[in-house]
$ cat final_24.txt   # compact mmCIF, C-alpha atoms
# COMPACT_ATOMS: atom_id res chain seq x y z
CA MET A 675 -23.56 6.41 20.60
CA VAL A 676 -23.57 10.06 21.68
CA LYS A 677 -25.55 10.91 24.78
CA LYS A 678 -27.37 14.17 24.06
CA PRO A 679 -26.30 16.96 26.45
CA ALA A 680 -28.93 18.88 28.39
CA PRO A 681 -30.40 21.74 26.25
CA ASP A 682 -28.84 24.61 28.28
CA ALA A 683 -25.38 23.15 27.82
CA ALA A 684 -25.95 22.43 24.17
CA ARG A 685 -24.06 25.32 22.64
CA ARG A 686 -20.99 24.96 24.80
CA SER A 687 -21.13 21.21 24.32
CA GLU A 688 -21.31 21.57 20.56
CA ARG A 689 -18.13 23.65 20.66
CA SER A 690 -16.38 21.04 22.82
CA ARG A 691 -17.60 18.23 20.63
CA ARG A 692 -16.18 19.88 17.51
CA ALA A 693 -12.86 20.58 19.26
CA ILE A 694 -12.71 16.92 20.27
CA TYR A 695 -13.47 15.69 16.74
CA ASP A 696 -10.79 17.99 15.29
CA ALA A 697 -8.23 16.89 17.88
CA ALA A 698 -8.98 13.20 17.37
CA LEU A 699 -8.70 13.41 13.56
CA ALA A 700 -5.52 15.49 13.68
CA LEU A 701 -3.87 13.15 16.18
CA VAL A 702 -4.71 9.93 14.37
CA ALA A 703 -3.42 11.42 11.11
CA GLU A 704 -0.19 12.63 12.74
CA THR A 705 0.68 9.84 15.16
CA GLY A 706 -1.41 6.82 14.18
CA TYR A 707 -4.15 5.01 16.03
CA PRO A 708 -2.14 3.40 18.87
CA ARG A 709 -0.78 6.76 20.10
CA THR A 710 -4.11 8.57 19.83
CA THR A 711 -5.19 8.26 23.45
CA ILE A 712 -8.18 9.83 25.18
CA GLU A 713 -5.67 11.83 27.26
CA ALA A 714 -3.95 13.19 24.15
CA ILE A 715 -7.27 14.07 22.50
CA ALA A 716 -8.44 15.88 25.65
CA ALA A 717 -5.18 17.83 25.95
CA ARG A 718 -5.27 18.91 22.31
CA ALA A 719 -8.97 19.81 22.43
CA GLY A 720 -8.49 21.78 25.67
CA VAL A 721 -11.10 19.77 27.58
CA GLY A 722 -10.91 17.50 30.60
CA LYS A 723 -10.69 13.81 29.78
CA GLN A 724 -13.87 13.25 31.82
CA THR A 725 -15.71 15.30 29.20
CA ILE A 726 -14.70 12.74 26.62
CA TYR A 727 -15.46 9.73 28.80
CA ARG A 728 -18.89 11.19 29.54
CA TRP A 729 -19.82 11.11 25.86
CA TRP A 730 -17.93 8.16 24.40
CA PRO A 731 -17.06 4.74 25.81
CA SER A 732 -13.73 4.41 23.95
CA LYS A 733 -11.30 6.15 21.65
CA ALA A 734 -12.55 3.99 18.76
CA ASP A 735 -16.01 5.50 19.26
CA VAL A 736 -14.69 9.07 19.33
CA LEU A 737 -12.72 8.50 16.16
CA LEU A 738 -15.52 6.76 14.30
CA GLU A 739 -17.92 9.53 15.16
CA ALA A 740 -15.41 12.25 14.27
CA PHE A 741 -14.88 10.56 10.95
CA LEU A 742 -18.61 10.21 10.27
CA ASP A 743 -19.01 13.90 11.04
CA LEU A 744 -16.17 14.75 8.64
CA ALA A 745 -17.74 12.67 5.89
CA GLU A 746 -21.11 14.38 6.47
CA GLN A 747 -19.48 17.79 6.31
CA ALA A 748 -17.73 16.87 3.06
CA ALA A 749 -21.04 15.64 1.60
CA ARG A 750 -22.74 18.89 2.69
CA ASP A 751 -19.92 20.97 1.14
CA ALA A 752 -20.45 19.07 -2.12
CA GLY A 753 -24.21 19.71 -1.94
CA GLN A 754 -24.98 16.04 -1.44
CA VAL A 755 -27.28 16.04 1.61
CA PRO A 756 -29.42 13.98 2.02
CA TYR A 757 -26.81 11.76 0.48
CA GLU A 758 -27.79 9.33 -2.23
CA ILE A 759 -26.54 8.35 -5.66
CA PRO A 760 -28.48 10.32 -8.30
CA ASP A 761 -30.86 8.46 -10.57
CA THR A 762 -31.12 10.28 -13.88
CA GLY A 763 -32.08 7.06 -15.63
CA ASP A 764 -28.56 6.70 -17.05
CA LEU A 765 -26.76 4.26 -14.75
CA ALA A 766 -23.31 4.64 -16.35
CA ALA A 767 -23.46 8.44 -16.14
CA ASP A 768 -24.69 8.37 -12.53
CA LEU A 769 -21.97 5.97 -11.41
CA LYS A 770 -19.27 7.89 -13.24
CA ALA A 771 -20.38 11.13 -11.59
CA VAL A 772 -20.35 9.73 -8.08
CA LEU A 773 -17.02 7.95 -8.56
CA ARG A 774 -15.45 11.19 -9.77
CA LEU A 775 -16.58 12.81 -6.51
CA THR A 776 -15.02 9.89 -4.64
CA VAL A 777 -11.72 10.48 -6.40
CA ASP A 778 -11.90 14.16 -5.40
CA GLN A 779 -12.51 13.21 -1.77
CA MET A 780 -9.63 10.72 -1.79
CA SER A 781 -7.24 13.45 -2.87
CA ASP A 782 -8.34 15.74 0.00
CA PRO A 783 -5.78 15.48 2.82
CA ARG A 784 -8.38 16.45 5.47
CA PHE A 785 -10.14 13.21 4.65
CA THR A 786 -7.38 10.95 3.47
CA ALA A 787 -4.84 11.23 6.31
CA PRO A 788 -7.19 10.15 9.14
CA ALA A 789 -8.91 7.63 6.84
CA ARG A 790 -5.59 5.93 6.07
CA ALA A 791 -4.61 5.82 9.73
CA LEU A 792 -7.94 4.26 10.71
CA ALA A 793 -7.86 1.80 7.83
CA ALA A 794 -4.29 0.78 8.69
CA GLU A 795 -5.30 -0.03 12.26
CA GLY A 796 -8.38 -1.86 10.97
CA LEU A 797 -6.12 -4.21 9.01
CA VAL A 798 -4.41 -5.55 12.11
CA ASN A 799 -7.16 -4.95 14.68
CA GLU A 800 -10.06 -7.05 13.50
CA GLN A 801 -12.56 -5.63 15.98
CA LEU A 802 -11.89 -2.06 14.87
CA GLY A 803 -11.79 -3.18 11.23
CA ARG A 804 -15.25 -4.70 11.49
CA GLN A 805 -16.57 -1.62 13.32
CA LEU A 806 -15.21 0.66 10.56
CA VAL A 807 -16.96 -1.43 7.95
CA ALA A 808 -20.26 -1.63 9.81
CA GLU A 809 -20.43 2.06 10.72
CA LEU A 810 -18.57 3.85 7.94
CA LEU A 811 -18.07 1.75 4.83
CA GLU A 812 -21.14 -0.48 4.55
CA PRO A 813 -23.66 2.39 4.77
CA GLN A 814 -21.86 3.97 1.78
CA LEU A 815 -21.90 0.70 -0.13
CA GLN A 816 -25.63 0.34 0.47
CA LEU A 817 -26.16 3.52 -1.57
CA TYR A 818 -24.77 1.62 -4.56
CA VAL A 819 -26.95 -1.39 -3.75
CA HIS A 820 -29.97 0.92 -3.81
CA ARG A 821 -28.97 2.49 -7.14
CA LEU A 822 -28.21 -0.89 -8.74
CA ARG A 823 -31.60 -2.26 -7.61
CA ALA A 824 -33.31 0.69 -9.28
CA ALA A 825 -31.28 -0.11 -12.41
CA GLN A 826 -32.47 -3.71 -12.23
CA ASP A 827 -36.07 -2.50 -12.04
CA ALA A 828 -35.39 -0.35 -15.09
CA GLY A 829 -33.83 -3.25 -17.01
CA ALA A 830 -30.33 -1.73 -17.09
CA VAL A 831 -28.74 -4.45 -14.91
CA ARG A 832 -29.32 -8.21 -15.21
CA PRO A 833 -32.04 -9.30 -12.80
CA ASP A 834 -29.94 -12.19 -11.46
CA ALA A 835 -26.91 -10.05 -10.49
CA ASP A 836 -26.33 -9.59 -6.76
CA PRO A 837 -26.01 -5.80 -6.32
CA ARG A 838 -23.85 -6.16 -3.18
CA ILE A 839 -21.25 -8.08 -5.17
CA ALA A 840 -21.74 -6.13 -8.40
CA LEU A 841 -20.78 -2.81 -6.80
CA GLU A 842 -17.39 -4.24 -5.84
CA LEU A 843 -16.37 -4.39 -9.51
CA PHE A 844 -15.95 -0.61 -9.54
CA VAL A 845 -15.74 0.34 -5.84
CA SER A 846 -13.01 -2.09 -4.76
CA PRO A 847 -10.50 -1.21 -7.50
CA ILE A 848 -10.72 2.44 -6.45
CA ALA A 849 -10.32 1.49 -2.79
CA GLN A 850 -7.26 -0.62 -3.58
CA ARG A 851 -5.58 2.04 -5.73
CA TRP A 852 -6.21 4.59 -3.01
CA LEU A 853 -5.10 2.43 -0.08
CA GLN A 854 -2.20 0.58 -1.66
CA TYR A 855 -0.84 2.99 -4.30
CA THR A 856 -1.33 0.38 -7.01
CA GLY A 857 -2.08 2.97 -9.67
CA PRO A 858 -3.24 6.52 -10.37
CA LEU A 859 -6.79 7.57 -9.50
CA THR A 860 -8.07 9.62 -12.41
CA TYR A 861 -11.52 10.34 -13.81
CA GLU A 862 -10.53 8.45 -16.94
CA TYR A 863 -9.75 5.41 -14.80
CA THR A 864 -13.02 5.46 -12.86
CA ASP A 865 -15.02 6.01 -16.07
CA THR A 866 -13.25 2.98 -17.57
CA LEU A 867 -14.09 0.82 -14.55
CA VAL A 868 -17.79 1.64 -14.94
CA ASP A 869 -17.73 0.79 -18.64
CA TYR A 870 -15.91 -2.52 -18.07
CA ALA A 871 -18.19 -3.49 -15.18
CA LEU A 872 -21.41 -2.75 -17.06
CA HIS A 873 -20.42 -4.20 -20.41
CA GLY A 874 -17.99 -6.94 -19.40
CA LEU A 875 -14.56 -7.89 -20.68
CA ALA A 876 -15.78 -10.55 -23.10
CA PRO A 877 -16.82 -9.39 -26.58
CA ARG A 878 -20.56 -8.85 -27.02
CA MET B 1438 19.28 -7.41 -2.92
CA VAL B 1439 21.02 -10.36 -1.26
CA LYS B 1440 24.81 -10.54 -1.55
CA LYS B 1441 25.73 -14.16 -2.26
CA PRO B 1442 27.92 -15.62 0.53
CA ALA B 1443 31.24 -17.30 -0.35
CA PRO B 1444 30.64 -20.96 -1.39
CA ASP B 1445 32.26 -22.50 1.75
CA ALA B 1446 29.95 -20.51 4.02
CA ALA B 1447 26.88 -21.22 1.92
CA ARG B 1448 25.26 -23.94 4.00
CA ARG B 1449 25.68 -22.16 7.31
CA SER B 1450 24.50 -18.94 5.67
CA GLU B 1451 21.42 -20.60 4.23
CA ARG B 1452 20.48 -21.77 7.73
CA SER B 1453 20.98 -18.26 9.14
CA ARG B 1454 19.05 -16.71 6.30
CA ARG B 1455 16.08 -18.96 6.93
CA ALA B 1456 16.20 -18.27 10.69
CA ILE B 1457 16.23 -14.54 9.92
CA TYR B 1458 13.27 -14.80 7.55
CA ASP B 1459 11.28 -16.79 10.11
CA ALA B 1460 12.11 -14.35 12.90
CA ALA B 1461 11.23 -11.31 10.78
CA LEU B 1462 7.86 -12.73 9.69
CA ALA B 1463 6.94 -13.89 13.20
CA LEU B 1464 7.87 -10.53 14.73
CA VAL B 1465 5.99 -8.40 12.25
CA ALA B 1466 2.91 -10.59 12.66
CA GLU B 1467 3.10 -10.43 16.47
CA THR B 1468 4.20 -6.86 17.14
CA GLY B 1469 3.66 -4.90 13.93
CA TYR B 1470 6.12 -3.21 11.62
CA PRO B 1471 7.32 -0.34 13.84
CA ARG B 1472 8.49 -2.68 16.61
CA THR B 1473 10.15 -5.15 14.28
CA THR B 1474 13.73 -3.87 14.57
CA ILE B 1475 16.91 -5.39 13.16
CA GLU B 1476 18.00 -5.95 16.80
CA ALA B 1477 14.81 -7.89 17.62
CA ILE B 1478 15.08 -9.98 14.44
CA ALA B 1479 18.72 -10.81 15.22
CA ALA B 1480 17.93 -11.78 18.83
CA ARG B 1481 15.05 -14.02 17.79
CA ALA B 1482 17.01 -15.62 14.96
CA GLY B 1483 20.02 -16.21 17.23
CA VAL B 1484 22.44 -14.31 14.99
CA GLY B 1485 24.47 -11.15 15.47
CA LYS B 1486 22.88 -8.02 14.07
CA GLN B 1487 25.98 -7.50 11.90
CA THR B 1488 24.99 -10.69 10.06
CA ILE B 1489 21.74 -9.00 9.09
CA TYR B 1490 23.34 -5.68 8.21
CA ARG B 1491 25.86 -7.52 6.01
CA TRP B 1492 23.05 -8.91 3.84
CA TRP B 1493 20.31 -6.29 3.90
CA PRO B 1494 20.41 -2.49 3.97
CA SER B 1495 17.23 -2.07 6.05
CA LYS B 1496 14.48 -3.92 7.90
CA ALA B 1497 12.10 -3.21 5.03
CA ASP B 1498 14.42 -5.17 2.74
CA VAL B 1499 14.66 -8.13 5.16
CA LEU B 1500 10.88 -8.26 5.48
CA LEU B 1501 10.16 -7.92 1.77
CA GLU B 1502 12.62 -10.69 0.99
CA ALA B 1503 11.28 -12.92 3.77
CA PHE B 1504 7.80 -12.39 2.42
CA LEU B 1505 8.84 -13.11 -1.19
CA ASP B 1506 10.49 -16.31 0.03
CA LEU B 1507 7.30 -17.30 1.89
CA ALA B 1508 5.18 -16.67 -1.20
CA GLU B 1509 7.59 -18.76 -3.31
CA GLN B 1510 7.47 -21.60 -0.79
CA ALA B 1511 3.67 -21.49 -0.80
CA ALA B 1512 3.65 -21.59 -4.62
CA ARG B 1513 6.07 -24.54 -4.57
CA ASP B 1514 3.91 -26.36 -2.00
CA ALA B 1515 0.91 -25.86 -4.30
CA GLY B 1516 2.90 -27.21 -7.26
CA GLN B 1517 2.86 -23.84 -9.00
CA VAL B 1518 6.53 -23.32 -9.88
CA PRO B 1519 7.38 -21.74 -12.29
CA TYR B 1520 4.38 -19.66 -11.35
CA GLU B 1521 1.98 -18.58 -14.04
CA ILE B 1522 -1.76 -18.59 -14.57
CA PRO B 1523 -2.74 -21.70 -16.52
CA ASP B 1524 -4.01 -21.31 -20.06
CA THR B 1525 -6.37 -24.16 -20.89
CA GLY B 1526 -8.14 -22.01 -23.47
CA ASP B 1527 -11.05 -21.42 -21.06
CA LEU B 1528 -10.40 -18.01 -19.50
CA ALA B 1529 -13.25 -18.16 -16.98
CA ALA B 1530 -12.19 -21.59 -15.71
CA ASP B 1531 -8.53 -20.56 -15.47
CA LEU B 1532 -9.31 -17.38 -13.53
CA LYS B 1533 -11.71 -19.18 -11.21
CA ALA B 1534 -9.08 -21.83 -10.45
CA VAL B 1535 -6.35 -19.32 -9.61
CA LEU B 1536 -8.67 -17.14 -7.52
CA ARG B 1537 -9.72 -20.19 -5.50
CA LEU B 1538 -6.05 -20.79 -4.71
CA THR B 1539 -5.76 -17.13 -3.70
CA VAL B 1540 -8.67 -17.57 -1.29
CA ASP B 1541 -6.92 -20.63 0.20
CA GLN B 1542 -3.71 -18.64 0.68
CA MET B 1543 -5.57 -15.75 2.31
CA SER B 1544 -6.99 -18.10 4.92
CA ASP B 1545 -3.50 -19.44 5.80
CA PRO B 1546 -2.29 -17.66 8.95
CA ARG B 1547 1.39 -18.22 8.03
CA PHE B 1548 0.78 -15.93 5.09
CA THR B 1549 -2.00 -13.68 6.25
CA ALA B 1550 -0.64 -12.39 9.58
CA PRO B 1551 2.64 -10.94 8.23
CA ALA B 1552 0.88 -9.81 5.04
CA ARG B 1553 -1.67 -7.81 7.03
CA ALA B 1554 1.04 -6.24 9.19
CA LEU B 1555 3.07 -5.21 6.15
CA ALA B 1556 0.00 -3.93 4.30
CA ALA B 1557 -1.08 -1.92 7.36
CA GLU B 1558 2.28 -0.17 7.51
CA GLY B 1559 2.18 0.38 3.74
CA LEU B 1560 -1.07 2.34 4.17
CA VAL B 1561 0.55 5.00 6.32
CA ASN B 1562 4.16 4.75 5.10
CA GLU B 1563 3.99 5.64 1.43
CA GLN B 1564 7.58 4.65 0.69
CA LEU B 1565 7.09 1.14 2.08
CA GLY B 1566 3.67 0.92 0.44
CA ARG B 1567 5.13 1.66 -2.97
CA GLN B 1568 7.98 -0.81 -2.38
CA LEU B 1569 5.47 -3.54 -1.45
CA VAL B 1570 3.54 -2.91 -4.63
CA ALA B 1571 6.62 -2.80 -6.86
CA GLU B 1572 8.29 -5.89 -5.41
CA LEU B 1573 5.41 -8.09 -4.22
CA LEU B 1574 2.05 -7.13 -5.65
CA GLU B 1575 2.72 -5.85 -9.17
CA PRO B 1576 4.67 -8.95 -10.28
CA GLN B 1577 1.60 -11.01 -9.27
CA LEU B 1578 -0.74 -8.68 -11.14
CA GLN B 1579 1.40 -8.96 -14.26
CA LEU B 1580 0.57 -12.68 -14.37
CA TYR B 1581 -3.07 -11.67 -14.93
CA VAL B 1582 -2.03 -9.11 -17.54
CA HIS B 1583 -0.20 -11.88 -19.37
CA ARG B 1584 -3.20 -14.26 -19.21
CA LEU B 1585 -5.65 -11.55 -20.31
CA ARG B 1586 -3.43 -10.63 -23.27
CA ALA B 1587 -3.47 -14.29 -24.35
CA ALA B 1588 -7.26 -14.19 -24.04
CA GLN B 1589 -7.35 -11.09 -26.22
CA ASP B 1590 -5.27 -12.89 -28.85
CA ALA B 1591 -7.76 -15.78 -28.66
CA GLY B 1592 -10.75 -13.43 -29.01
CA ALA B 1593 -12.09 -14.09 -25.49
CA VAL B 1594 -11.51 -10.52 -24.25
CA ARG B 1595 -12.33 -7.31 -26.16
CA PRO B 1596 -9.24 -6.10 -27.99
CA ASP B 1597 -9.66 -2.54 -26.70
CA ALA B 1598 -9.75 -3.49 -22.98
CA ASP B 1599 -6.67 -2.51 -20.94
CA PRO B 1600 -5.64 -5.75 -19.20
CA ARG B 1601 -3.97 -3.89 -16.31
CA ILE B 1602 -7.30 -2.25 -15.45
CA ALA B 1603 -9.45 -5.26 -16.39
CA LEU B 1604 -7.78 -7.53 -13.83
CA GLU B 1605 -8.79 -5.15 -11.04
CA LEU B 1606 -12.47 -6.05 -11.56
CA PHE B 1607 -11.86 -9.43 -9.91
CA VAL B 1608 -8.56 -8.99 -8.04
CA SER B 1609 -9.38 -5.79 -6.12
CA PRO B 1610 -12.71 -7.01 -4.66
CA ILE B 1611 -10.90 -10.02 -3.20
CA ALA B 1612 -8.14 -7.82 -1.83
CA GLN B 1613 -10.66 -5.49 -0.21
CA ARG B 1614 -12.70 -8.30 1.38
CA TRP B 1615 -9.51 -9.82 2.69
CA LEU B 1616 -7.95 -6.61 4.00
CA GLN B 1617 -11.03 -4.83 5.28
CA TYR B 1618 -13.40 -7.64 6.33
CA THR B 1619 -16.08 -6.29 4.00
CA GLY B 1620 -17.49 -9.73 3.26
CA PRO B 1621 -16.79 -13.47 3.22
CA LEU B 1622 -14.19 -14.91 0.83
CA THR B 1623 -15.69 -18.05 -0.65
CA TYR B 1624 -15.18 -19.95 -3.89
CA GLU B 1625 -18.75 -19.06 -4.86
CA TYR B 1626 -17.91 -15.38 -4.41
CA THR B 1627 -14.73 -15.48 -6.50
CA ASP B 1628 -16.49 -17.51 -9.23
CA THR B 1629 -19.25 -14.88 -9.29
CA LEU B 1630 -16.72 -12.05 -9.67
CA VAL B 1631 -15.20 -13.73 -12.71
CA ASP B 1632 -18.62 -14.20 -14.32
CA TYR B 1633 -19.67 -10.59 -13.67
CA ALA B 1634 -16.34 -9.22 -14.91
CA LEU B 1635 -16.34 -11.23 -18.12
CA HIS B 1636 -20.02 -10.85 -19.01
CA GLY B 1637 -20.83 -7.47 -17.47
CA LEU B 1638 -23.69 -6.29 -15.32
CA ALA B 1639 -25.82 -4.96 -18.17
CA PRO B 1640 -28.10 -7.45 -19.96
CA ARG B 1641 -26.63 -8.90 -23.15
$ encode --input "final_24.txt" --output "structure tokens"
Amino acid sequence: MVKKPAPDAARRSERSRRAIYDAALALVAETGYPRTTIEAIAARAGVGKQTIYRWWPSKADVLLEAFLDLAEQAARDAGQVPYEIPDTGDLAADLKAVLRLTVDQMSDPRFTAPARALAAEGLVNEQLGRQLVAELLEPQLQLYVHRLRAAQDAGAVRPDADPRIALELFVSPIAQRWLQYTGPLTYEYTDTLVDYALHGLAPR
Amino acid sequence: MVKKPAPDAARRSERSRRAIYDAALALVAETGYPRTTIEAIAARAGVGKQTIYRWWPSKADVLLEAFLDLAEQAARDAGQVPYEIPDTGDLAADLKAVLRLTVDQMSDPRFTAPARALAAEGLVNEQLGRQLVAELLEPQLQLYVHRLRAAQDAGAVRPDADPRIALELFVSPIAQRWLQYTGPLTYEYTDTLVDYALHGLAPR
């Protein structure tokens, strides 16, 4: 989505790009998606609005890219690049570890304020909602698909389970508690979800 | 929340109340929560705004009550009053049946458009979000708690499982697919969730 700037302008461009990301994320968190205009982002970033239009076709694209960049930074800070779910051979332990990191991220206001504002708009703006899923959420979910497939190969997950549905048993409850304030997000809670999902609610 | 009108004014009041509910739900679906003002609801319902202020302290209260009324009507239409999750002794069948009805309701635009608008505002307005959960969502979730407790008494669910967390294994994935367009909502999908949640992902 980003057109690469010419090499000699790269350093200055990188500074502008970061200022634009920061402005876009701050604005959407403070004023919501509808009021986050290209004009407002440009003014806050201290760049001309043509600079923004040169790189991105719409404010949705700026915001999505700013958010992707933020998520990558957070992953780098947590030492998780290249990002994948660890495979120690113990599926429960690996899932519990990654879900605890997710809980940490969800309590970080740098991440959670713009994420809520984007998600809120995605609820009532189907086009943006589907773009958020395709570009931000689904790539994350595919990491779980990958890990669950490895677990199937290792005999730790039933071979007939669909990994794309299976992951929702522990990912979606966390998403709902985070988005809708339906309950506290603690490590104990996410550990419990993993245990229930792997072993089932019915007695064995 | 509603002050009962004097008996002689009851019929006229009931008509006004319904007009106000309809106006509030239509407005929030069309224009979103921030633009749904008491003034706009009154104008659309053809009543004075004092009529609304006499019965409800805020627009959030009008909307929550209108939405509760809509959900009750939908339950009545589906023959589900008094509303509870059936207990035929077959937990999987009972959960599958009620989740299929949920899927039907989520594809009904009368329900889904105002519900999305309210949920979107709840994401960025924590006070409203918590009110939505307390007054609309949690009472629904308690029906599952009740049914899962009966299943525990019957030996169909592990005695040590927390029903309030257990229900999230199948309720939250549906909520997320509905709210965030993360995947299709079909009967096959909801049936699969129930099977995975009850029997677990690990081989038995």
$ interface_residues --input "final_24.txt" --of "chain A" --to "chain B" --cutoff "6 Å" --atoms "only C-alpha atoms" --output "list in words"
Ala794, Leu797, Ala830, Val831, Arg832, Glu842, Leu843, Ser846, Pro847, Leu853, Ala871, Leu872, His873, Gly874, Leu875, Ala876 and Pro877 of chain A
$ residues_near_point --input "final_24.txt" --point "(21.5, -9.9, 11.3)" --cutoff "9 Å" --atoms "all atoms listed in the file" --output "PyMOL selection string"
chain B and resi 1453-1454+1457+1475-1476+1478-1480+1482-1493
$ atom_distance --input "final_24.txt" --atom1 "atom CA of B:Ala1460" --atom2 "atom CA of B:Arg1513"
21.1 Å
$ atom_distance --input "final_24.txt" --atom1 "atom CA of B:Val1465" --atom2 "atom CA of B:Arg1547"
11.6 Å
$ atom_distance --input "final_24.txt" --atom1 "atom CA of B:Thr1623" --atom2 "atom CA of B:Arg1537"
8.0 Å
$ build_atoms --input "final_24.txt" --residues "stretch 810-827 of chain A" --atoms "N, CA, C and O atoms" --output "PDB file, in the frame of the given file"
ATOM      1  N   LEU A 810     -18.973   2.858   8.950  1.00  0.00           N
ATOM      2  CA  LEU A 810     -18.570   3.850   7.940  1.00  0.00           C
ATOM      3  C   LEU A 810     -18.732   3.343   6.512  1.00  0.00           C
ATOM      4  O   LEU A 810     -19.320   4.005   5.673  1.00  0.00           O
ATOM      5  N   LEU A 811     -18.163   2.175   6.229  1.00  0.00           N
ATOM      6  CA  LEU A 811     -18.070   1.750   4.830  1.00  0.00           C
ATOM      7  C   LEU A 811     -19.373   1.153   4.306  1.00  0.00           C
ATOM      8  O   LEU A 811     -19.861   1.528   3.236  1.00  0.00           O
ATOM      9  N   GLU A 812     -19.960   0.223   5.064  1.00  0.00           N
ATOM     10  CA  GLU A 812     -21.140  -0.480   4.550  1.00  0.00           C
ATOM     11  C   GLU A 812     -22.318   0.465   4.256  1.00  0.00           C
ATOM     12  O   GLU A 812     -22.983   0.299   3.222  1.00  0.00           O
ATOM     13  N   PRO A 813     -22.570   1.460   5.104  1.00  0.00           N
ATOM     14  CA  PRO A 813     -23.660   2.390   4.770  1.00  0.00           C
ATOM     15  C   PRO A 813     -23.435   3.097   3.420  1.00  0.00           C
ATOM     16  O   PRO A 813     -24.383   3.352   2.682  1.00  0.00           O
ATOM     17  N   GLN A 814     -22.168   3.392   3.102  1.00  0.00           N
ATOM     18  CA  GLN A 814     -21.860   3.970   1.780  1.00  0.00           C
ATOM     19  C   GLN A 814     -22.140   2.961   0.676  1.00  0.00           C
ATOM     20  O   GLN A 814     -22.698   3.296  -0.360  1.00  0.00           O
ATOM     21  N   LEU A 815     -21.722   1.719   0.911  1.00  0.00           N
ATOM     22  CA  LEU A 815     -21.900   0.700  -0.130  1.00  0.00           C
ATOM     23  C   LEU A 815     -23.379   0.437  -0.389  1.00  0.00           C
ATOM     24  O   LEU A 815     -23.784   0.153  -1.516  1.00  0.00           O
ATOM     25  N   GLN A 816     -24.194   0.575   0.650  1.00  0.00           N
ATOM     26  CA  GLN A 816     -25.630   0.340   0.470  1.00  0.00           C
ATOM     27  C   GLN A 816     -26.268   1.370  -0.467  1.00  0.00           C
ATOM     28  O   GLN A 816     -27.299   1.099  -1.078  1.00  0.00           O
ATOM     29  N   LEU A 817     -25.657   2.539  -0.598  1.00  0.00           N
ATOM     30  CA  LEU A 817     -26.160   3.520  -1.570  1.00  0.00           C
ATOM     31  C   LEU A 817     -26.043   2.966  -2.989  1.00  0.00           C
ATOM     32  O   LEU A 817     -26.920   3.184  -3.829  1.00  0.00           O
ATOM     33  N   TYR A 818     -24.943   2.247  -3.239  1.00  0.00           N
ATOM     34  CA  TYR A 818     -24.770   1.620  -4.560  1.00  0.00           C
ATOM     35  C   TYR A 818     -25.751   0.464  -4.745  1.00  0.00           C
ATOM     36  O   TYR A 818     -26.274   0.249  -5.837  1.00  0.00           O
ATOM     37  N   VAL A 819     -25.970  -0.288  -3.675  1.00  0.00           N
ATOM     38  CA  VAL A 819     -26.950  -1.390  -3.750  1.00  0.00           C
ATOM     39  C   VAL A 819     -28.307  -0.826  -4.180  1.00  0.00           C
ATOM     40  O   VAL A 819     -28.961  -1.343  -5.089  1.00  0.00           O
ATOM     41  N   HIS A 820     -28.694   0.265  -3.531  1.00  0.00           N
ATOM     42  CA  HIS A 820     -29.970   0.920  -3.810  1.00  0.00           C
ATOM     43  C   HIS A 820     -30.045   1.350  -5.288  1.00  0.00           C
ATOM     44  O   HIS A 820     -31.032   1.080  -5.970  1.00  0.00           O
ATOM     45  N   ARG A 821     -28.972   1.996  -5.762  1.00  0.00           N
ATOM     46  CA  ARG A 821     -28.970   2.490  -7.140  1.00  0.00           C
ATOM     47  C   ARG A 821     -28.981   1.327  -8.140  1.00  0.00           C
ATOM     48  O   ARG A 821     -29.641   1.400  -9.189  1.00  0.00           O
ATOM     49  N   LEU A 822     -28.248   0.262  -7.823  1.00  0.00           N
ATOM     50  CA  LEU A 822     -28.210  -0.890  -8.740  1.00  0.00           C
ATOM     51  C   LEU A 822     -29.560  -1.608  -8.762  1.00  0.00           C
ATOM     52  O   LEU A 822     -29.984  -2.118  -9.796  1.00  0.00           O
ATOM     53  N   ARG A 823     -30.260  -1.647  -7.622  1.00  0.00           N
ATOM     54  CA  ARG A 823     -31.600  -2.260  -7.610  1.00  0.00           C
ATOM     55  C   ARG A 823     -32.551  -1.471  -8.503  1.00  0.00           C
ATOM     56  O   ARG A 823     -33.330  -2.054  -9.255  1.00  0.00           O
ATOM     57  N   ALA A 824     -32.470  -0.143  -8.419  1.00  0.00           N
ATOM     58  CA  ALA A 824     -33.310   0.690  -9.280  1.00  0.00           C
ATOM     59  C   ALA A 824     -32.985   0.404 -10.754  1.00  0.00           C
ATOM     60  O   ALA A 824     -33.879   0.333 -11.603  1.00  0.00           O
ATOM     61  N   ALA A 825     -31.689   0.200 -11.031  1.00  0.00           N
ATOM     62  CA  ALA A 825     -31.280  -0.110 -12.410  1.00  0.00           C
ATOM     63  C   ALA A 825     -31.824  -1.474 -12.845  1.00  0.00           C
ATOM     64  O   ALA A 825     -32.186  -1.664 -14.010  1.00  0.00           O
ATOM     65  N   GLN A 826     -31.874  -2.408 -11.902  1.00  0.00           N
ATOM     66  CA  GLN A 826     -32.470  -3.710 -12.230  1.00  0.00           C
ATOM     67  C   GLN A 826     -33.946  -3.549 -12.572  1.00  0.00           C
ATOM     68  O   GLN A 826     -34.437  -4.120 -13.539  1.00  0.00           O
ATOM     69  N   ASP A 827     -34.636  -2.739 -11.764  1.00  0.00           N
ATOM     70  CA  ASP A 827     -36.070  -2.500 -12.040  1.00  0.00           C
ATOM     71  C   ASP A 827     -36.261  -1.868 -13.418  1.00  0.00           C
ATOM     72  O   ASP A 827     -37.259  -2.125 -14.093  1.00  0.00           O
TER      73      ASP A 827
END
